[in-house]
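Okay, so here's the structure we're looking at.
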Amino acid sequence: MVFVGFHASHEQIPPSDLLHDVQHAESAGFDGAMCSDHLAPWNPRQGESGFAFSWLGAALARTEFSIGMVNAPGQRYHPVIVAQALATLEEMFPGRFWAALGSGEAMNEHVTGEPWPPKSVRNARLSESVDVIRRLFDGEEVSHDGLVKVHRARLWTTPAEPPPLLATAVSAETAGWAALWADGLATVAQAPRALERVVDAYRSQDGTGPCVLQVHVSFAETDAAAYAIAKDQWRNALVTPPLAWDLEQPEDFDAAVGDVDESRLRQAVLTDSDPVALAERIADLARIGFDRVYLHHVGREQTGFLEASAGSILPRLTEA
């Protein structure tokens with residue numbers, strides 16, 4: 001039975017409302033949740049970007065299931081600060097927290113004023129950051145002089161067991177590299193064959209832990225309404241890497257999309273008015289080799305989707 005989680009989108013929903021949504025998701029029957037960690041939304045119409053670490057403490061306190069986050073240490077966040085934040089959450093909520101670490105996106109990182117490095121350098125910086133974080137989890141006093149700099153850092157509050165550190169990866173190349181250090185893999189839905197390559201690359205390099213898939217969906221009472229939500233809120237899905245990693249402002253994503261290609265958007269966001277049909281489409285992706293699937297309804301209002309999940313989507317996925 002696949003684990004089905006709820007994705008909490010900080011780019012679209014005020015954090016106070018998102019707290020109610022994650023509680024609703026738990027009562028609807030979701031197995032867990034995850035959240036984004038953005039400084040800016042993907043487009044101006046999304047209109048939000050709450051601070052994930054503040055929200056996570058409140059969300060974990062109000063629920064009983066696991067909640068994870070995506071995070072990019074190295075530029076906007078110093079890895080020592082990331083280690084302290086992750087350790088504190090795990091100490092308060094043992095066994096219920098995880099983080100998926102990635103190399104970041106310019107839209108969130110450019111604000112430091114530091115140059116935005118090429119992907120190879122960002123991966124190397126992530127590798128250094130992960131090493132620093134793990135050493136701090138182990139109780140070491142850490143000094144490091146490389147792409148990140150650390151001077152005699154030590155964590156004084158640590159959990160009994162460190163939280164799992166998954167890796168984010170979109171390409172098979174990154175997934176294979178991530179298998180060398182990660183406690184699991186997190187990726188986002190794309191064409192089935194591409195997903196197969198990502199999973200195969202991770203597992204073929206002896207990657208351990210869960211393979212996690214985030215799926216963007218748009219659900220409404222009619223197909224036209226569902227598509228309208230996707231077009232308004234998640235057209236940024238049409239901007240793919242590497243360009244998506246390098247744009248700085250929400251307006252840049254709108255400009256890069258231009259006129260929305262409906263067929264491409266429907267491939268990037270599963271758009272449906274039939275909850276059973278939507279569940280079957282999600283199940284097809286899960287069967288590629290994923291242990292956990294997190295559903296992100298791309299609308300700013302989550303109630304209808306969560307009610308449909310409780311009544312039809314989750315039961316169907318349980319049967320799949």
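Every chain in the structure tokens takes a letter, A first, then B, and so on in the order presented; its residues are numbered from 1, and the ligands are numbered from 1 following the presented order.
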Exercise for the section: Write out as a list in words all residues of range 148-287 of chain A that backbone DSSP assigns to strand (DSSP E). Expected result: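 Written out, the strand (DSSP E) residues of range 148-287 of chain A are Lys149, Val150, His151, Arg152, Ala153, Leu165, Leu166, Ala167, Thr168, Leu185, Ala186, Thr187, Val188, Cys211, Val212, Leu213, Gln214, Val215, His216, Val217, Ser218, Phe219, Leu270, Thr271 and Asp272 of chain A.
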Handout entry: Who sits within 10 Å of Thr222 in chain A, only C-alpha atoms, same chain under 5 positions skipped, as a list of chain:residue names
Key =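 After dropping sequence-adjacent residues, the list is A:Tyr227, A:Ala228, A:Thr271, A:Asp272, A:Ser273, A:Asp274.
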Can you write just those residues out, C-alpha atoms, as a PDB file, in the first residue's frame?
```pdb
ATOM      1  CA  TYR A 227      -8.042  23.701 -15.877  1.00  0.00           C
ATOM      2  CA  ALA A 228      -8.702  27.368 -15.061  1.00  0.00           C
ATOM      3  CA  THR A 271      -6.382  18.106 -14.184  1.00  0.00           C
ATOM      4  CA  ASP A 272      -9.638  16.307 -13.444  1.00  0.00           C
ATOM      5  CA  SER A 273     -13.215  16.674 -12.174  1.00  0.00           C
ATOM      6  CA  ASP A 274     -13.621  12.942 -11.511  1.00  0.00           C
TER       7      ASP A 274
END
```
What are the nearest atom pairs, with distances in Å to one decimal, for all residues of range 109-149 of chain A that come at most 12 Å from range 173-185 of chain A, using only C-alpha atoms, set out by chain and rising residue number as a tab-separated table?
```
residue	atom	partner	partner_atom	distance
A:Lys119	CA	A:Thr174	CA	10.3
A:Ser120	CA	A:Thr174	CA	10.2
A:Arg122	CA	A:Thr174	CA	11.6
A:Asn123	CA	A:Thr174	CA	8.7
A:Ala124	CA	A:Trp177	CA	10.8
A:Leu126	CA	A:Ala178	CA	10.4
A:Ser127	CA	A:Trp181	CA	8.3
A:Glu128	CA	A:Trp181	CA	11.1
A:Ser129	CA	A:Trp181	CA	11.6
A:Val130	CA	A:Trp181	CA	8.3
A:Asp131	CA	A:Trp181	CA	9.0
A:Arg134	CA	A:Trp181	CA	10.3
```
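Closest approach to Leu136 in chain A among A:Arg154, A:His38, A:Arg264, A:Lys149: A:Arg154, based on only C-alpha atoms.
Distance check against Ala72 in chain A using only C-alpha atoms: of A:Asp261, A:Glu140, A:Glu109, A:Asp232, the minimum falls on A:Glu109.
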Practice task
Would you mind telling me which residue in A:Glu301, A:Asp206, A:Glu196, A:Asp254 lies nearest to Leu285 in chain A when using only C-alpha atoms?
Solution key: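 Smallest distance to Leu285 in chain A is found for A:Glu196.
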